[in-house]
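Chemist: Handing you this structure, nothing more for now.
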Amino acid sequence: MRASRFLIATLKQNPSDAVAVSHQLMLRSGMVRQLASGLYTWLPMGLRVFRKVEAIVREEMNNAGSQEVLMPVVQPAELWQESGRWEQYGPELLRITDRHDNSFCLGPTHEEVITDLIRNELKSYKQLPANFYQIQTKFRDEVRPRFGIMRAREFTMKDAYSFHLQQSCLQDTYDAMHGAYCKIFDRIGLNYRPVLADTGSIGGSSSHEFHVLADSGEDDIAFSTDSDYAANVELAEALAPNAERPQPSQEMIEVATPGQHTIEEVSKGLGIKPSQVLKTLIVMGEADEDGKQGLVALVIRGDHELNELKAEKLDGVASPLTFAPDSLIKDTLGCSVGSIGPMGLDIPVLVDRSAAVAADFACGANKDGYHLTGVNWERDLALTSQADLRNVVVGDPSPCGQGQLEIKRGIEVGHIFQLGQKYSEALGATVLDENGKQQVMTMGCYGIGVSRVVAAAIEQNYDDNGIIWPDAIAPFQLALVPINMHKSDAVRAKCESLYAELTEAGFDVLFMDEEKARLGVMLADTELMGIPHRVVIGDRGLEAGTVEYKARRDADKQEIASDDLLNFLKQALK
RNA sequence: CAGAGUGUAGCGCAGUGGUAGCGUGCCUGGUUUGGAACCAGGAGGUCGAUGGUUCGAACCCAUCCACUCUGACCA
């Protein structure tokens, strides 16, 4: 491609409202432009990257036996009412009405549409397993779009859905998809990890997320130092401590702690470590037959964080997890939030495993302005139910039994689920089995955020000068940069012949052929745009029979005999 | 949705009551040319919108809109 015929829309200055690195660099390098909040136009440069990601995803999905389809973005309300999600989904589902006053939505995902298609098209067990995918625009009216392309409202996703009669068959496809995802992210050239994940609101049993590791990620991922174990922190189990609970050594006394409510204030006031203070959180209990909700107390160590996902899965705890309103706590327990403790509560008390081995601890006295110190389980109060309630922290033993946990940030770029029969059941997607009987199919679903992969690749690969694309998804593999082409016929002739030759050899070349463009500007632009390889042609080199080569990641340039260039590049770019 | 902030030239910003400016980018000409040059000339703005106060509003007041940040939310 000739730069003179291609929109190079680089910006010198950072648009002021971009915060995330990928957002800034995508705007500055002329990859995208914002149209409205969470809506972006892909410029030619950005679209080339996007298409390369898409092509790799498509190839590997095809290789893994999935068939491509393309479903509408606009979907009829009836289907969503049939699955129950018309009511379940909140305002994130953008609902629209057509001229006949019929309701539709913009698809945030396509389970309903594919299941509707499949119930009409698949009739026999002989057609199973079946796996279909599409690469399509999704729309989610996010409460707060942010980080540019990373969390846009309109985005592109590769979503696949598989259909089975046996769980074992689903498992096979799930494993095949897992393998295909690894191939995809390997080929793209990202540092990523498949991690155990929560199945979330979509339901189902088994689930893995694929995370690109980057400091700017929104998720915490826990890894074992000694094994392949990796899990989203929201899911990673905090094992029960091995250590026995120490014997009590202090008397329980009540201490006035006026104005001290947070763990930090209390531990500072009492002169003890936060880990010696237990915090008691009051959440809503599960509704009984009459629909009445009681309260439940959750007790964790002061230096630990509550894991809401774990908590809401416990018997007796309302899901979604809801913190009890202050007024209700005051009415029921007779004290306010900063002074609650497990001592003498007549509501269910669930104690985190780590908190259960604490001795001589401090906690609220259930009396405003007072705390207890030297409290001990069994001696001063009964230890009723124990549970895993907290987020794991660095140094915890790995749930796999080997090594300790470390925690890194990740960007979720893929997610695979075993869906089960949630949608096939609701929409009546059945086939006849060997005995001629109707059987509801079991489903799996598999997503990759195609547009997000582009942003995540930048979050993981950049420097002060701009983007550093992995070779496989770079908009161009190579920049051909002439020096003073408008004055030197030799430079022009060499560039033209090289451009023809390299293009002929199958390289994606960006020829910086703008008349009178200054070298510094061209170099800065090609670096900002992240083009991984660069060849500079000047009179000085040509007289010596050389051209200059530099990889985007390299610190130094090298002189290459111009006759060897093609072979050199074939090596370098392979 | 709650809290905070910002809207003035493509981008970054200044201007706080007297009719719009700087840097950069863009166009023309010239001089330059190995990392974002220099000189001269030029184009480009209903100052987010509406209403009000005033002789006069980018500026003061009110309402609305958009965008951003923090949080809750998130297959």
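Ordering of the structure tokens sets the chain letters (A, B, ...), residue numbers begin anew at 1 in every chain, and ligands are numbered from 1 in the order given.
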Output as a PyMOL selection string all residues of stretch 136-318 of chain A that backbone DSSP marks as helix (DSSP H, G or I).

Modeler: chain A and resi 148-150+167-188+200-202+263-270+274-276+308-312

Chemist: Which residues are near B:G3? Cut-off 12 Å, only C-alpha atoms (C1' of nucleotides), ignore same chain within fewer than 5 positions. Put them as a PyMOL selection string.

Modeler: chain B and resi 69-72

Chemist: Can I get the selection written as an mmCIF file, in the first residue's frame, with C-alpha atoms (C1' of nucleotides)?

Modeler:
```
data_model
loop_
_atom_site.group_PDB
_atom_site.id
_atom_site.type_symbol
_atom_site.label_atom_id
_atom_site.label_comp_id
_atom_site.auth_asym_id
_atom_site.auth_seq_id
_atom_site.Cartn_x
_atom_site.Cartn_y
_atom_site.Cartn_z
ATOM 1 C "C1'" C B 69 -13.649 10.380 35.479
ATOM 2 C "C1'" U B 70 -14.825 7.398 40.446
ATOM 3 C "C1'" G B 71 -18.289 3.735 42.110
ATOM 4 C "C1'" A B 72 -22.237 0.093 41.616
#
```

Chemist: With a cut-off of 8 Å and counting only C-alpha atoms (C1' of nucleotides), select all residues of chain A in contact with chain B and give the selection as a list of chain:residue names.

Modeler: A:Leu11, A:Lys12, A:Gln13, A:Asn14, A:Pro15, A:Ser16, A:Asp17, A:Ser37, A:Pro108, A:Thr109, A:Glu142, A:Val143, A:Ser201, A:Ile202, A:Gly447, A:Ile483, A:Asn484, A:Arg518, A:Leu519, A:Gly520, A:Val521, A:Leu523, A:Ala524

Chemist: Quick one: residues within 8 Å of stretch 91-96 of chain A, only C-alpha atoms (C1' of nucleotides), excluding same-chain residues fewer than 2 positions away - as number ranges by chain?

Modeler: A: 89, 98, 103-108, 139-143

Chemist: Could you take the residues named above and write them with N, CA and C atoms, as a tab-separated table (two decimals), in the first residue's frame?

Modeler:
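Once written, again34.tsv looks like this:
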```tsv
chain	number	residue	atom	x	y	z
A	89	TYR	N	-33.23	-9.46	31.59
A	89	TYR	CA	-32.22	-8.50	31.20
A	89	TYR	C	-32.65	-7.11	31.62
A	98	ASP	N	-40.60	-1.08	16.05
A	98	ASP	CA	-40.66	-0.73	14.62
A	98	ASP	C	-41.96	0.00	14.30
A	103	SER	N	-42.02	-5.03	19.06
A	103	SER	CA	-40.81	-4.83	19.86
A	103	SER	C	-39.65	-5.70	19.38
A	104	PHE	N	-38.49	-5.09	19.39
A	104	PHE	CA	-37.25	-5.78	19.03
A	104	PHE	C	-36.16	-5.36	20.01
A	105	CYS	N	-35.03	-6.05	19.94
A	105	CYS	CA	-33.87	-5.58	20.70
A	105	CYS	C	-32.65	-5.69	19.81
A	106	LEU	N	-31.62	-4.95	20.19
A	106	LEU	CA	-30.32	-5.12	19.55
A	106	LEU	C	-29.61	-6.23	20.32
A	107	GLY	N	-29.16	-7.24	19.60
A	107	GLY	CA	-28.65	-8.44	20.26
A	107	GLY	C	-27.37	-8.21	21.04
A	108	PRO	N	-27.40	-8.46	22.36
A	108	PRO	CA	-26.18	-8.43	23.16
A	108	PRO	C	-25.46	-9.78	23.07
A	139	PHE	N	-24.53	-5.42	20.67
A	139	PHE	CA	-24.77	-4.14	21.33
A	139	PHE	C	-25.19	-4.39	22.76
A	140	ARG	N	-24.45	-3.79	23.70
A	140	ARG	CA	-24.86	-3.83	25.10
A	140	ARG	C	-24.84	-2.41	25.61
A	141	ASP	N	-25.95	-1.97	26.10
A	141	ASP	CA	-26.06	-0.59	26.56
A	141	ASP	C	-25.42	-0.50	27.95
A	142	GLU	N	-24.10	-0.61	27.98
A	142	GLU	CA	-23.35	-0.60	29.22
A	142	GLU	C	-23.69	0.63	30.05
A	143	VAL	N	-23.77	0.44	31.36
A	143	VAL	CA	-24.02	1.56	32.25
A	143	VAL	C	-22.96	2.63	32.02
```

Chemist: Considering only strand (DSSP E) as DSSP defines it on the backbone, what residues of stretch 317-559 of chain A qualify? List them as a PyMOL selection string.

Modeler: chain A and resi 349-352+361-364+370-375+385-387+405-420+430-432+438-440+442-449+462-463+466-467+478-482+509-511+533-537+546-551+558-559

Chemist: What does the distance between atom CA of A:Gly334 and atom CA of A:Cys363 come to in Å, to one decimal place?

Modeler: 15.9 Å

Chemist: With distances taken over only C-alpha atoms (C1' of nucleotides), which residue among B:A14, B:A58, B:C64, B:A2 lies nearest B:G45?

Modeler: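 The closest residue to B:G45 is B:A58.
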
Chemist: Give me the residues near stretch 59-76 of chain A as a ChimeraX atom specification, where near means some atom within 7 Å (using only C-alpha atoms (C1' of nucleotides)) and where sequence neighbours in that chain fewer than 3 positions away do not count.

Modeler: /A:55-56,79,103-107,131-134,137-138,176,180,184

Chemist: Just the residues within 12 Å of B:U8, please, counting only C-alpha atoms (C1' of nucleotides), with nothing from its chain fewer than 3 positions along; format it as a PyMOL selection string.

Modeler: chain B and resi 13-15+20-21+45+47-48+58-59

Chemist: Do you have the atom CA of A:His533-atom CA of A:Leu566 distance handy?

Modeler: 13.0 Å

Chemist: Pick out the residues sitting within 8 Å of A:Leu190, and hand them over as a PyMOL selection string; count only C-alpha atoms (C1' of nucleotides), and ignore anything fewer than 5 positions along from it in its own chain.

Modeler: chain A and resi 185+212+457+460+470

Chemist: Can you pull out every residue within 7 Å of A:Ser562, counting only C-alpha atoms (C1' of nucleotides), but drop anything in the same chain fewer than 6 positions away, and send it as a list in words?

Modeler: Gly545, Thr546 and Val547 of chain A

Chemist: Keeping only N, CA, C and O atoms, write the selected residues to a file as a PDB file, in the first residue's frame.

Modeler:
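The resulting file, selection.pdb, is shown below:
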```
ATOM      1  N   GLY A 545      25.839   0.282  -1.123  1.00  0.00           N
ATOM      2  CA  GLY A 545      25.168  -0.972  -1.462  1.00  0.00           C
ATOM      3  C   GLY A 545      24.365  -1.559  -0.317  1.00  0.00           C
ATOM      4  O   GLY A 545      24.127  -2.765  -0.264  1.00  0.00           O
ATOM      5  N   THR A 546      23.949  -0.716   0.633  1.00  0.00           N
ATOM      6  CA  THR A 546      23.184  -1.234   1.762  1.00  0.00           C
ATOM      7  C   THR A 546      21.886  -0.467   1.961  1.00  0.00           C
ATOM      8  O   THR A 546      21.712   0.644   1.459  1.00  0.00           O
ATOM      9  N   VAL A 547      20.991  -1.092   2.721  1.00  0.00           N
ATOM     10  CA  VAL A 547      19.798  -0.408   3.209  1.00  0.00           C
ATOM     11  C   VAL A 547      19.746  -0.656   4.714  1.00  0.00           C
ATOM     12  O   VAL A 547      20.442  -1.541   5.219  1.00  0.00           O
TER      13      VAL A 547
END
```

Chemist: Just give me the gap between atom CA of A:Glu264 and atom CA of A:Gly302 in Å, one decimal is fine.

Modeler: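 Those two atoms sit 8.4 Å apart.
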